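Okay, data_38.txt now, which holds compact mmCIF, C-alpha atoms and all ligand atoms:
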```
# COMPACT_ATOMS: atom_id res chain seq x y z
CA MET A 1 -55.89 -39.46 95.32
CA PRO A 2 -59.56 -40.55 95.24
CA THR A 3 -61.23 -40.25 98.55
CA ALA A 4 -62.15 -43.68 99.86
CA LYS A 5 -65.61 -44.07 101.13
CA PRO A 6 -65.84 -45.23 104.73
CA ARG A 7 -66.44 -48.95 104.65
CA VAL A 8 -67.66 -49.17 108.19
CA ASN A 9 -70.11 -46.89 109.84
CA ARG A 10 -68.11 -45.16 112.51
CA SER A 11 -71.01 -44.99 114.95
CA ARG A 12 -70.80 -48.76 115.31
CA LEU A 13 -67.88 -48.30 117.55
CA PHE A 14 -70.06 -46.65 120.10
CA ALA A 15 -72.90 -49.21 119.83
CA ILE A 16 -75.23 -46.74 118.27
CA ASP A 17 -77.26 -47.67 115.27
CA GLU A 18 -78.56 -44.39 113.99
CA GLY A 19 -81.19 -46.16 111.88
CA THR A 20 -83.03 -47.84 114.74
CA ARG A 21 -82.11 -45.48 117.53
CA ALA A 22 -82.84 -42.28 115.69
CA PRO A 23 -86.14 -41.60 117.45
CA ASN A 24 -84.46 -42.07 120.79
CA THR A 25 -82.98 -38.70 121.40
CA GLU A 26 -81.26 -39.89 124.56
CA PHE A 27 -79.19 -42.39 122.55
CA ARG A 28 -78.62 -39.97 119.75
CA ASP A 29 -77.42 -37.45 122.32
CA ALA A 30 -75.14 -40.05 123.84
CA GLY A 31 -73.82 -40.98 120.37
CA SER A 32 -72.99 -37.42 119.44
CA LYS A 33 -71.49 -36.91 122.89
CA TYR A 34 -69.12 -39.86 122.33
CA GLN A 35 -68.48 -38.62 118.81
CA ILE A 36 -67.42 -35.28 120.23
CA LEU A 37 -65.27 -36.96 122.85
CA PHE A 38 -63.65 -39.13 120.17
CA ASP A 39 -63.04 -36.22 117.85
CA GLN A 40 -61.81 -33.82 120.50
CA ALA A 41 -59.53 -36.24 122.37
CA SER A 42 -56.18 -34.59 122.67
CA ASP A 43 -54.26 -37.74 121.67
CA PRO A 44 -54.58 -39.30 118.22
CA VAL A 45 -57.03 -42.22 118.13
CA MET A 46 -57.83 -44.65 115.35
CA THR A 47 -60.12 -47.64 114.94
CA LEU A 48 -59.53 -50.39 112.41
CA SER A 49 -61.18 -53.55 111.37
CA THR A 50 -59.20 -56.67 112.22
CA ASP A 51 -57.96 -56.95 108.61
CA GLY A 52 -56.16 -53.63 109.02
CA THR A 53 -58.64 -51.37 107.20
CA ILE A 54 -58.88 -47.92 108.75
CA ASP A 55 -62.32 -47.34 110.17
CA ALA A 56 -62.15 -44.01 111.96
CA VAL A 57 -59.60 -41.39 113.02
CA ASN A 58 -60.03 -38.34 115.22
CA GLN A 59 -58.85 -34.76 114.65
CA ALA A 60 -55.69 -35.21 116.64
CA PHE A 61 -54.81 -38.09 114.31
CA GLU A 62 -55.44 -35.90 111.27
CA GLU A 63 -53.07 -33.32 112.72
CA MET A 64 -50.40 -35.87 113.54
CA SER A 65 -50.55 -37.69 110.20
CA GLY A 66 -51.20 -34.74 107.90
CA TYR A 67 -54.02 -36.70 106.23
CA LEU A 68 -57.65 -35.69 106.19
CA LYS A 69 -60.12 -38.21 107.56
CA GLN A 70 -61.57 -38.97 104.16
CA GLU A 71 -58.13 -39.73 102.78
CA LEU A 72 -57.64 -42.47 105.34
CA LEU A 73 -60.98 -44.13 105.92
CA GLY A 74 -61.26 -47.44 104.09
CA ARG A 75 -57.54 -47.63 103.35
CA LYS A 76 -55.16 -50.18 104.76
CA ILE A 77 -52.89 -49.30 107.65
CA GLY A 78 -49.87 -49.79 105.33
CA VAL A 79 -50.40 -46.22 104.11
CA LEU A 80 -48.96 -45.09 107.45
CA THR A 81 -45.99 -47.49 107.44
CA PRO A 82 -42.69 -45.68 106.85
CA SER A 83 -40.69 -46.83 103.85
CA GLY A 84 -37.24 -48.38 104.42
CA ALA A 85 -35.41 -45.08 104.03
CA GLN A 86 -37.76 -43.28 106.39
CA GLY A 87 -37.32 -46.05 108.91
CA HIS A 88 -33.68 -45.10 109.25
CA THR A 89 -34.59 -41.93 111.07
CA SER A 90 -34.49 -43.81 114.34
CA HIS A 91 -32.70 -47.11 114.64
CA ARG A 92 -34.71 -48.26 117.63
CA ALA A 93 -38.17 -47.38 116.30
CA ARG A 94 -40.33 -50.03 114.69
CA PRO A 95 -42.68 -49.16 111.84
CA LEU A 96 -46.42 -49.05 112.36
CA SER A 97 -47.74 -52.18 110.62
CA SER A 98 -50.76 -54.41 110.55
CA GLY A 99 -48.77 -57.00 112.49
CA LEU A 100 -48.35 -54.56 115.36
CA LEU A 101 -52.08 -53.91 115.49
CA GLU A 102 -53.05 -57.56 115.62
CA ALA A 103 -51.98 -58.12 119.22
CA PRO A 104 -53.31 -55.99 122.03
CA GLY A 105 -50.58 -54.32 124.04
CA THR A 106 -48.49 -51.21 124.49
CA TYR A 107 -45.65 -50.44 122.12
CA GLU A 108 -43.05 -47.73 122.58
CA ASP A 109 -41.24 -45.87 119.87
CA VAL A 110 -43.34 -46.74 116.83
CA ALA A 111 -42.71 -44.86 113.57
CA VAL A 112 -45.70 -43.47 111.65
CA ALA A 113 -45.29 -42.02 108.15
CA ARG A 114 -46.96 -38.66 107.62
CA LYS A 115 -48.50 -37.68 104.33
CA ASP A 116 -45.67 -35.20 103.70
CA GLY A 117 -43.07 -37.98 104.10
CA TYR A 118 -41.89 -37.04 107.57
CA VAL A 119 -41.97 -39.64 110.29
CA ARG A 120 -43.58 -39.16 113.70
CA PHE A 121 -42.65 -41.31 116.67
CA VAL A 122 -45.43 -42.50 118.91
CA ASP A 123 -46.15 -44.70 121.86
CA LEU A 124 -48.99 -46.97 120.79
CA SER A 125 -51.64 -48.73 122.81
CA VAL A 126 -53.69 -51.39 121.01
CA ARG A 127 -57.02 -52.78 122.31
CA ILE A 128 -59.53 -55.10 120.69
CA VAL A 129 -63.09 -53.89 121.30
CA SER A 130 -66.51 -55.05 120.34
CA SER A 131 -69.90 -53.57 121.02
CA GLY A 132 -71.65 -56.84 121.82
CA PRO A 133 -71.40 -60.64 121.63
CA ASP A 134 -72.26 -60.83 117.90
CA SER A 135 -70.90 -57.57 116.70
CA GLU A 136 -67.72 -57.23 114.65
CA ARG A 137 -64.49 -56.84 116.57
CA LEU A 138 -62.59 -53.65 116.09
CA VAL A 139 -59.05 -52.59 116.84
CA LEU A 140 -58.73 -49.43 118.91
CA ALA A 141 -55.36 -47.77 118.52
CA LEU A 142 -54.43 -44.94 120.87
CA PHE A 143 -51.38 -42.93 119.96
CA ARG A 144 -49.18 -40.59 121.97
CA ASP A 145 -46.91 -38.45 119.83
CA VAL A 146 -43.42 -38.58 121.38
CA THR A 147 -41.48 -37.12 118.43
CA GLU A 148 -40.63 -33.97 120.36
CA LYS A 149 -39.63 -35.97 123.39
CA LYS A 150 -37.41 -38.20 121.24
CA ARG A 151 -35.84 -35.19 119.56
CA MET A 152 -35.12 -33.65 122.95
CA GLU A 153 -33.72 -36.95 124.21
CA ARG A 154 -31.42 -37.17 121.20
CA GLU A 155 -30.42 -33.55 121.65
CA LEU A 156 -29.73 -34.23 125.31
CA ILE A 157 -27.54 -37.20 124.41
CA THR A 158 -25.65 -35.11 121.86
CA LYS A 159 -25.27 -32.24 124.32
CA HIS A 160 -24.12 -34.67 126.98
CA ALA A 161 -21.49 -36.09 124.61
CA GLU A 162 -20.41 -32.55 123.71
CA LEU A 163 -20.17 -31.66 127.38
CA ARG A 164 -18.07 -34.74 128.13
CA ASN A 165 -15.84 -33.88 125.22
CA ALA A 166 -15.43 -30.32 126.44
CA TYR A 167 -14.70 -31.61 129.93
CA PHE A 168 -11.94 -33.92 128.65
CA GLN A 169 -10.47 -31.11 126.61
CA LEU A 170 -10.50 -28.93 129.69
CA GLU A 171 -8.78 -31.65 131.70
CA ARG A 172 -6.11 -32.01 129.02
CA LYS A 173 -5.55 -28.27 128.82
CA ASN A 174 -5.36 -28.16 132.58
CA ALA A 175 -2.69 -30.88 132.61
CA GLU A 176 -0.76 -29.05 129.88
CA LEU A 177 -0.99 -25.82 131.86
CA GLN A 178 0.21 -27.56 134.98
CA ALA A 179 3.16 -29.06 133.12
CA MET A 180 3.94 -25.64 131.67
CA GLN A 181 3.74 -24.09 135.09
CA GLU A 182 6.12 -26.70 136.47
CA THR A 183 8.54 -26.01 133.64
CA LEU A 184 8.31 -22.30 134.35
CA VAL A 185 8.88 -22.82 138.04
CA GLN A 186 11.87 -25.02 137.24
CA ALA A 187 13.19 -22.47 134.77
CA GLY A 188 12.72 -19.76 137.40
CA LYS A 189 14.61 -21.79 139.95
CA MET A 190 17.40 -22.38 137.51
CA ALA A 191 17.64 -18.67 136.75
CA ALA A 192 17.64 -17.79 140.45
CA LEU A 193 20.21 -20.47 141.14
CA GLY A 194 22.37 -19.18 138.31
CA GLU A 195 22.49 -15.74 139.88
CA LEU A 196 23.01 -17.13 143.34
CA ALA A 197 25.76 -19.41 142.10
CA ALA A 198 27.55 -16.59 140.33
CA GLY A 199 27.45 -14.49 143.52
CA ILE A 200 28.54 -17.31 145.80
CA ALA A 201 31.28 -18.41 143.43
CA HIS A 202 32.70 -14.93 143.22
CA GLU A 203 32.44 -14.16 146.94
CA LEU A 204 33.86 -17.48 148.08
CA ASN A 205 36.61 -17.82 145.60
CA GLN A 206 38.58 -14.78 146.74
CA PRO A 207 38.95 -15.70 150.42
CA LEU A 208 39.39 -19.33 149.52
CA GLN A 209 42.34 -18.63 147.29
CA GLY A 210 43.73 -16.52 150.16
CA ILE A 211 43.39 -19.39 152.65
CA ARG A 212 44.96 -21.81 150.27
CA GLY A 213 47.87 -19.51 149.51
CA TYR A 214 48.59 -18.84 153.19
CA ALA A 215 48.42 -22.54 154.02
CA GLN A 216 50.87 -23.36 151.30
CA GLU A 217 53.18 -20.61 152.49
CA LEU A 218 52.98 -21.94 156.02
CA GLN A 219 53.67 -25.43 154.80
CA ALA A 220 56.82 -24.27 153.07
CA LEU A 221 57.98 -21.98 155.87
CA ALA A 222 57.06 -23.70 159.10
CA LEU A 223 57.91 -27.28 158.49
CA PRO A 224 61.62 -27.34 157.73
CA SER A 225 62.96 -25.56 160.82
CA GLY A 226 60.69 -23.26 162.88
CA ALA A 227 58.39 -25.70 164.64
CA GLU A 228 59.02 -28.11 167.46
CA PRO A 229 59.74 -31.58 166.04
CA SER A 230 56.96 -33.10 168.18
CA THR A 231 54.29 -30.78 166.77
CA ARG A 232 55.41 -31.14 163.19
CA PRO A 233 53.23 -34.10 162.25
CA ALA A 234 50.13 -32.35 163.65
CA ILE A 235 50.90 -29.11 161.79
CA GLU A 236 51.67 -31.04 158.69
CA SER A 237 48.43 -33.02 158.72
CA SER A 238 46.36 -29.90 159.50
CA LEU A 239 47.94 -28.08 156.59
CA VAL A 240 47.27 -31.03 154.28
CA GLU A 241 43.64 -30.95 155.44
CA ILE A 242 43.35 -27.20 154.87
CA ILE A 243 44.74 -27.55 151.37
CA SER A 244 42.64 -30.57 150.42
CA ASN A 245 39.47 -28.95 151.78
CA SER A 246 40.25 -25.74 149.91
CA ASP A 247 40.62 -27.85 146.77
CA LYS A 248 37.22 -29.41 147.41
CA MET A 249 35.66 -25.98 147.82
CA ALA A 250 37.34 -24.76 144.66
CA HIS A 251 35.84 -27.75 142.93
CA ILE A 252 32.37 -26.92 144.21
CA ILE A 253 32.75 -23.34 143.09
CA ASP A 254 33.72 -24.57 139.64
CA TYR A 255 30.63 -26.71 139.63
CA LEU A 256 28.43 -23.74 140.54
CA ARG A 257 30.02 -21.66 137.84
CA THR A 258 28.80 -24.02 135.14
CA PHE A 259 25.34 -22.63 135.84
CA THR A 260 26.33 -19.18 134.78
CA ARG A 261 28.53 -20.12 131.88
CA LYS A 262 26.35 -18.78 129.10
CA SER A 263 28.39 -17.41 126.30
CA VAL A 264 31.33 -19.77 126.38
CA GLU A 265 29.26 -22.72 125.19
CA LYS A 266 30.76 -23.90 121.97
CA HIS A 267 28.36 -26.02 120.00
CA GLU A 268 29.32 -28.42 117.25
CA PHE A 269 27.77 -31.49 115.62
CA THR A 270 28.35 -34.10 118.29
CA ASN A 271 27.98 -37.86 118.24
CA ILE A 272 25.83 -38.66 121.25
CA HIS A 273 27.30 -42.18 121.52
CA ASP A 274 30.75 -40.62 121.96
CA ALA A 275 29.43 -38.44 124.79
CA VAL A 276 27.90 -41.52 126.49
CA GLU A 277 31.08 -43.56 126.01
CA GLU A 278 33.26 -40.79 127.44
CA ALA A 279 31.08 -40.63 130.53
CA LEU A 280 31.15 -44.42 130.95
CA LYS A 281 34.91 -44.46 130.51
CA MET A 282 35.34 -42.03 133.37
CA LEU A 283 33.35 -44.28 135.66
CA SER A 284 34.48 -47.66 134.34
CA ARG A 285 36.81 -48.41 137.24
CA GLN A 286 34.14 -47.60 139.80
CA PHE A 287 31.63 -49.77 137.92
CA LYS A 288 34.04 -52.68 137.94
CA ALA A 289 34.71 -52.33 141.65
CA ARG A 290 30.95 -52.43 142.36
CA GLY A 291 30.05 -55.29 140.02
CA ILE A 292 28.10 -53.02 137.68
CA ALA A 293 27.67 -54.19 134.08
CA VAL A 294 26.73 -51.85 131.24
CA GLN A 295 24.45 -52.96 128.41
CA ARG A 296 24.33 -50.87 125.26
CA ASP A 297 21.54 -50.91 122.70
CA PHE A 298 22.65 -48.13 120.38
CA ALA A 299 20.68 -47.23 117.24
CA PRO A 300 22.87 -47.37 114.14
CA ALA A 301 23.49 -44.19 112.16
CA LEU A 302 22.02 -41.70 114.64
CA PRO A 303 22.27 -38.13 113.40
CA LYS A 304 24.81 -35.94 115.14
CA LEU A 305 23.40 -33.40 117.60
CA TYR A 306 24.21 -29.74 117.53
CA ALA A 307 25.44 -29.31 121.10
CA ASN A 308 28.44 -28.76 123.30
CA PRO A 309 30.11 -32.20 123.62
CA LEU A 310 31.44 -31.53 127.11
CA GLN A 311 28.01 -30.54 128.37
CA LEU A 312 26.42 -33.64 126.87
CA GLU A 313 29.10 -35.70 128.54
CA GLN A 314 28.33 -33.90 131.79
CA VAL A 315 24.67 -35.00 131.57
CA PHE A 316 25.66 -38.65 131.16
CA ILE A 317 28.30 -38.46 133.88
CA ASN A 318 25.56 -37.25 136.24
CA LEU A 319 23.18 -40.01 135.18
CA ALA A 320 25.87 -42.68 135.43
CA THR A 321 27.00 -41.44 138.86
CA ASN A 322 23.43 -41.52 140.14
CA ALA A 323 22.91 -45.01 138.69
CA ARG A 324 26.13 -46.15 140.37
CA ASP A 325 24.95 -44.80 143.75
CA ALA A 326 21.45 -46.27 143.32
CA ILE A 327 22.85 -49.74 142.59
CA GLU A 328 25.30 -49.49 145.47
CA THR A 329 22.48 -48.55 147.87
CA THR A 330 20.74 -51.88 147.19
CA GLY A 331 23.65 -53.61 148.98
CA ARG A 332 23.45 -56.47 146.47
CA GLY A 333 26.98 -55.98 145.30
CA HIS A 334 26.11 -55.98 141.61
CA GLY A 335 23.76 -54.39 139.11
CA THR A 336 23.15 -53.40 135.50
CA ILE A 337 22.94 -50.13 133.67
CA SER A 338 21.20 -50.34 130.28
CA ILE A 339 21.45 -47.56 127.75
CA LYS A 340 19.23 -47.52 124.68
CA THR A 341 19.34 -44.84 121.99
CA THR A 342 16.72 -44.27 119.31
CA LYS A 343 15.71 -41.61 116.84
CA SER A 344 12.16 -40.31 117.01
CA GLY A 345 11.34 -37.65 114.46
CA ASN A 346 13.84 -34.85 114.72
CA PHE A 347 14.85 -35.94 118.20
CA VAL A 348 17.33 -38.40 119.59
CA GLU A 349 16.17 -40.28 122.65
CA VAL A 350 18.37 -41.92 125.27
CA ARG A 351 16.82 -44.25 127.85
CA PHE A 352 19.23 -44.57 130.74
CA ARG A 353 18.13 -47.35 133.05
CA ASP A 354 19.51 -48.84 136.24
CA ASP A 355 18.28 -51.68 138.45
CA GLY A 356 19.17 -49.78 141.57
CA ILE A 357 17.14 -48.85 144.63
CA GLY A 358 14.59 -46.72 142.74
CA MET A 359 12.66 -43.80 144.17
CA ALA A 360 9.50 -43.14 146.13
CA GLU A 361 6.98 -40.70 144.57
CA LYS A 362 7.93 -38.00 147.04
CA THR A 363 11.62 -38.16 146.11
CA LYS A 364 10.81 -38.34 142.41
CA SER A 365 8.91 -35.05 142.54
CA LYS A 366 11.93 -33.20 143.89
CA ILE A 367 14.95 -34.60 142.11
CA PHE A 368 15.30 -31.73 139.63
CA ASN A 369 15.33 -29.16 142.43
CA PRO A 370 18.76 -27.65 142.94
CA PHE A 371 20.40 -28.91 146.14
CA PHE A 372 17.89 -31.71 146.63
CA THR A 373 19.76 -34.81 147.67
CA THR A 374 19.10 -37.95 149.68
CA LYS A 375 22.80 -38.69 149.89
CA GLU A 376 24.85 -38.20 153.00
CA VAL A 377 26.67 -34.96 153.60
CA GLY A 378 29.78 -34.71 151.49
CA LYS A 379 28.62 -37.39 149.04
CA GLY A 380 26.06 -35.51 147.00
CA MET A 381 25.32 -31.84 146.54
CA GLY A 382 21.98 -32.37 144.85
CA LEU A 383 23.11 -30.47 141.79
CA GLY A 384 23.73 -33.22 139.22
CA LEU A 385 20.19 -33.46 137.90
CA SER A 386 19.30 -29.77 138.06
CA LEU A 387 22.49 -29.02 136.19
CA SER A 388 21.70 -31.68 133.57
CA TYR A 389 18.13 -30.37 133.31
CA GLY A 390 19.52 -26.89 132.68
CA ILE A 391 21.89 -28.13 129.97
CA LEU A 392 19.09 -30.02 128.21
CA SER A 393 16.63 -27.11 128.47
CA LYS A 394 19.07 -24.87 126.67
CA LEU A 395 19.19 -27.44 123.87
CA HIS A 396 15.36 -27.43 123.80
CA GLY A 397 15.55 -30.99 125.03
CA SER A 398 13.92 -32.66 127.99
CA MET A 399 14.50 -35.23 130.68
CA VAL A 400 11.80 -37.24 132.44
CA VAL A 401 12.06 -39.95 135.01
CA GLU A 402 10.30 -43.27 135.50
CA SER A 403 11.09 -45.01 138.75
CA GLU A 404 9.80 -47.60 141.13
CA LEU A 405 11.08 -48.10 144.63
CA GLY A 406 13.07 -51.33 144.87
CA LYS A 407 12.97 -51.93 141.11
CA GLY A 408 15.09 -49.27 139.44
CA THR A 409 15.00 -46.02 137.54
CA THR A 410 14.94 -44.91 133.92
CA PHE A 411 15.81 -41.41 132.81
CA VAL A 412 14.49 -40.57 129.35
CA VAL A 413 16.50 -37.83 127.68
CA ARG A 414 15.23 -36.26 124.45
CA ILE A 415 17.33 -33.84 122.46
CA PRO A 416 16.49 -32.20 119.13
CA VAL A 417 19.02 -32.82 116.36
CA ASP A 418 19.46 -29.10 115.87
CA PHE A 419 17.78 -26.83 118.41
CA ARG A 420 18.29 -23.78 116.18
CA GLU A 421 15.54 -25.10 113.95
CA LEU A 422 13.14 -25.03 116.90
CA ALA A 423 14.19 -21.70 118.38
N1 LIG A 501 19.14 -43.37 139.30
C1 LIG A 501 18.64 -42.98 140.47
N2 LIG A 501 18.08 -43.89 141.32
C2 LIG A 501 17.56 -43.51 142.48
N3 LIG A 501 17.54 -42.24 142.92
C3 LIG A 501 18.09 -41.29 142.15
C4 LIG A 501 18.65 -41.59 140.89
N4 LIG A 501 19.09 -40.44 140.33
C5 LIG A 501 18.80 -39.48 141.21
N5 LIG A 501 18.23 -39.96 142.31
C6 LIG A 501 17.77 -39.20 143.47
O1 LIG A 501 17.76 -37.82 143.12
C7 LIG A 501 18.53 -37.07 144.00
C8 LIG A 501 19.12 -35.90 143.28
O2 LIG A 501 20.05 -36.32 142.32
P1 LIG A 501 21.17 -35.34 141.83
O3 LIG A 501 22.01 -36.02 140.83
O4 LIG A 501 20.55 -34.04 141.43
O5 LIG A 501 21.95 -35.04 143.15
P2 LIG A 501 22.93 -36.01 143.94
O6 LIG A 501 23.31 -37.16 143.13
O7 LIG A 501 22.27 -36.26 145.26
O8 LIG A 501 24.16 -35.05 144.16
P3 LIG A 501 25.24 -34.60 143.05
O9 LIG A 501 24.72 -35.09 141.72
O10 LIG A 501 25.23 -33.13 143.13
O11 LIG A 501 26.48 -35.23 143.42
C9 LIG A 501 19.53 -38.06 144.55
O12 LIG A 501 20.03 -37.65 145.80
C10 LIG A 501 18.69 -39.32 144.64
O13 LIG A 501 17.89 -39.31 145.79
MG MG A 502 23.96 -36.93 141.15
```
Take the structure I supplied and represent it as structure tokens, if you would.
Ligand SMILES: Nc1ncnc2c1ncn2[C@@H]1O[C@H](COP(=O)(O)OP(=O)(O)OP(=O)(O)O)[C@@H](O)[C@H]1O
Ligand SMILES: [Mg+2]
Amino acid sequence: MPTAKPRVNRSRLFAIDEGTRAPNTEFRDAGSKYQILFDQASDPVMTLSTDGTIDAVNQAFEEMSGYLKQELLGRKIGVLTPSGAQGHTSHRARPLSSGLLEAPGTYEDVAVARKDGYVRFVDLSVRIVSSGPDSERLVLALFRDVTEKKRMERELITKHAELRNAYFQLERKNAELQAMQETLVQAGKMAALGELAAGIAHELNQPLQGIRGYAQELQALALPSGAEPSTRPAIESSLVEIISNSDKMAHIIDYLRTFTRKSVEKHEFTNIHDAVEEALKMLSRQFKARGIAVQRDFAPALPKLYANPLQLEQVFINLATNARDAIETTGRGHGTISIKTTKSGNFVEVRFRDDGIGMAEKTKSKIFNPFFTTKEVGKGMGLGLSLSYGILSKLHGSMVVESELGKGTTFVVRIPVDFRELA
């Protein structure tokens, strides 16, 4: 590129005419002093004529732009305007242009094209100066290179985004861990309960059968002849009580034993709708007596589940019994149970909803705990849900609850079509 000859004598800027002032060493000294100041200024400086022709640049400008002085002097400012593609390096930056240099002011984030094609970002301050009333007006452009600052800002923004991302991931992992921990705790409780139940069942059953046997013997022996006629009704009613209470206990023991029944589970491909219908059938009379309607929204052609049909039925009996109690507790005298089945992937989902009394958060967090109940003594043992949870866990399924006090409760049961494929 031919080196353009400076069109304007740079010394004009400093009001020094070397021709006339030459003998005056004081002025010459002042001129060279300003020249040194101009050249050595740490920030890039440029002067231009008002038509945008470059008049002078200092060393710092040479360094920033990659051009030598003689390559710039006399050329138009457009040589430093980034091309369209270069402009894309920063969406907020505006290109250095003659238009920008026409109006005095301060401009942030201006893009300047270097000789090697790279773009520098600068803060630009534009002043219009003149050395006297008749002298030509010049544009003084002071630059501050902020490329590094911008790069660091961008880096900071990226790092900040990365940090936020990492934080969210950490939160998610934390939630997963917590859920896993809860599952483990629940599984631990179930295992402990299983052992406890087996022990209790065994220990209680022996004496209970003894009590029952003796009571029956007494009933047969004492009533016909031995006892006073006046005491007979009392003896009789006590014996009936002993027997019926023993039966209740035997029933409870049976219930506890289901926890330990491991090997006798016989699985087969089971229609989940049949299991639901069986459970509803068992409770149909009670539903009728309490004004409870059942709405079914069953998906057609659901795949059969590999499971024990009686255990599946047990899960729905527990859910239906709880729904019955929840509706009854409202005191309204009627209610609705809605059951919706769907297939999602390799799982079958059952949403079991009631418009009963619902649950407070505190209750909700405990319902899967064995022996947790809010029902009066003798009405609930607090085992229905923990038992159901255990049955579903063994099938690699799950059960979650959504509930609002005063509105109702939905249990969402998910069961894989064939748990052996997941095991
Ligand atoms: N559908 C529901 N609506 C409101 N509360 C419910 C519902 N299902 C369960 N609960 C609450 O969860 C508790 C535990 O239920 P779970 O079935 O385990 O035991 P239970 O019904 O109290 O006794 P059991 O089932 O052994 O007869 C209940 O006592 C009740 O407070
Ligand atoms: Mg229950």
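Comparing the minimum interatomic distances between ligand MG 502 (chain A) and each of A:Lys150, A:Arg296, A:Arg324, A:Arg351, counting only C-alpha atoms and all ligand atoms, we find that A:Arg324 sits nearest.
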Checklist entry - Of the candidates A:Ile327, A:Met249, A:Ala220, A:Val348, which shows the shortest atom-to-atom distance to A:Ile235, using only C-alpha atoms? => result A:Ala220
Checklist entry - stretch 210-218 of chain A: which residues within 10 Å, counting all atoms listed in the file, same-chain residues fewer than 2 positions away excluded, as a PyMOL selection string? => result chain A and resi 205-208+220-223+235-236+238-247+250
Checklist outcome for this item: Counting all atoms listed in the file, closest pick from A:Leu387, A:Leu305, A:Leu140, A:Val412 relative to ligand LIG 501 (chain A) is A:Leu387
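Between atom CA of A:Ser97 and atom CA of A:Gly78 there is a distance of 6.2 Å.
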Item to check | Cut-off 10 Å around (27.3, -40.9, 134.3) with all atoms listed in the file: residues as an MDAnalysis selection string | outcome: chainID A and resid 276:284 313:324 352 384
Item to check | Protein and nucleic residues near ligand LIG 501 (chain A), 9 Å, all atoms listed in the file, as JSON, numbers by chain | outcome: {"A": [318, 319, 320, 321, 322, 323, 324, 325, 326, 327, 329, 352, 353, 354, 355, 356, 357, 358, 359, 360, 363, 364, 366, 367, 368, 369, 370, 371, 372, 373, 374, 375, 376, 378, 379, 380, 381, 382, 383, 384, 385, 386, 387, 388, 401, 403, 404, 405, 408, 409, 410, 411]}
For those residues, write C-alpha atoms to a file as an mmCIF file, in the frame of the given file.
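Saved file out31.cif follows:
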```
data_model
loop_
_atom_site.group_PDB
_atom_site.id
_atom_site.type_symbol
_atom_site.label_atom_id
_atom_site.label_comp_id
_atom_site.auth_asym_id
_atom_site.auth_seq_id
_atom_site.Cartn_x
_atom_site.Cartn_y
_atom_site.Cartn_z
ATOM 1 C CA ASN A 318 25.560 -37.250 136.240
ATOM 2 C CA LEU A 319 23.180 -40.010 135.180
ATOM 3 C CA ALA A 320 25.870 -42.680 135.430
ATOM 4 C CA THR A 321 27.000 -41.440 138.860
ATOM 5 C CA ASN A 322 23.430 -41.520 140.140
ATOM 6 C CA ALA A 323 22.910 -45.010 138.690
ATOM 7 C CA ARG A 324 26.130 -46.150 140.370
ATOM 8 C CA ASP A 325 24.950 -44.800 143.750
ATOM 9 C CA ALA A 326 21.450 -46.270 143.320
ATOM 10 C CA ILE A 327 22.850 -49.740 142.590
ATOM 11 C CA THR A 329 22.480 -48.550 147.870
ATOM 12 C CA PHE A 352 19.230 -44.570 130.740
ATOM 13 C CA ARG A 353 18.130 -47.350 133.050
ATOM 14 C CA ASP A 354 19.510 -48.840 136.240
ATOM 15 C CA ASP A 355 18.280 -51.680 138.450
ATOM 16 C CA GLY A 356 19.170 -49.780 141.570
ATOM 17 C CA ILE A 357 17.140 -48.850 144.630
ATOM 18 C CA GLY A 358 14.590 -46.720 142.740
ATOM 19 C CA MET A 359 12.660 -43.800 144.170
ATOM 20 C CA ALA A 360 9.500 -43.140 146.130
ATOM 21 C CA THR A 363 11.620 -38.160 146.110
ATOM 22 C CA LYS A 364 10.810 -38.340 142.410
ATOM 23 C CA LYS A 366 11.930 -33.200 143.890
ATOM 24 C CA ILE A 367 14.950 -34.600 142.110
ATOM 25 C CA PHE A 368 15.300 -31.730 139.630
ATOM 26 C CA ASN A 369 15.330 -29.160 142.430
ATOM 27 C CA PRO A 370 18.760 -27.650 142.940
ATOM 28 C CA PHE A 371 20.400 -28.910 146.140
ATOM 29 C CA PHE A 372 17.890 -31.710 146.630
ATOM 30 C CA THR A 373 19.760 -34.810 147.670
ATOM 31 C CA THR A 374 19.100 -37.950 149.680
ATOM 32 C CA LYS A 375 22.800 -38.690 149.890
ATOM 33 C CA GLU A 376 24.850 -38.200 153.000
ATOM 34 C CA GLY A 378 29.780 -34.710 151.490
ATOM 35 C CA LYS A 379 28.620 -37.390 149.040
ATOM 36 C CA GLY A 380 26.060 -35.510 147.000
ATOM 37 C CA MET A 381 25.320 -31.840 146.540
ATOM 38 C CA GLY A 382 21.980 -32.370 144.850
ATOM 39 C CA LEU A 383 23.110 -30.470 141.790
ATOM 40 C CA GLY A 384 23.730 -33.220 139.220
ATOM 41 C CA LEU A 385 20.190 -33.460 137.900
ATOM 42 C CA SER A 386 19.300 -29.770 138.060
ATOM 43 C CA LEU A 387 22.490 -29.020 136.190
ATOM 44 C CA SER A 388 21.700 -31.680 133.570
ATOM 45 C CA VAL A 401 12.060 -39.950 135.010
ATOM 46 C CA SER A 403 11.090 -45.010 138.750
ATOM 47 C CA GLU A 404 9.800 -47.600 141.130
ATOM 48 C CA LEU A 405 11.080 -48.100 144.630
ATOM 49 C CA GLY A 408 15.090 -49.270 139.440
ATOM 50 C CA THR A 409 15.000 -46.020 137.540
ATOM 51 C CA THR A 410 14.940 -44.910 133.920
ATOM 52 C CA PHE A 411 15.810 -41.410 132.810
#
```
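Atom pair atom CA of A:Ala307 / atom CA of A:Lys248 has a distance of 28.8 Å (rounded to one decimal).
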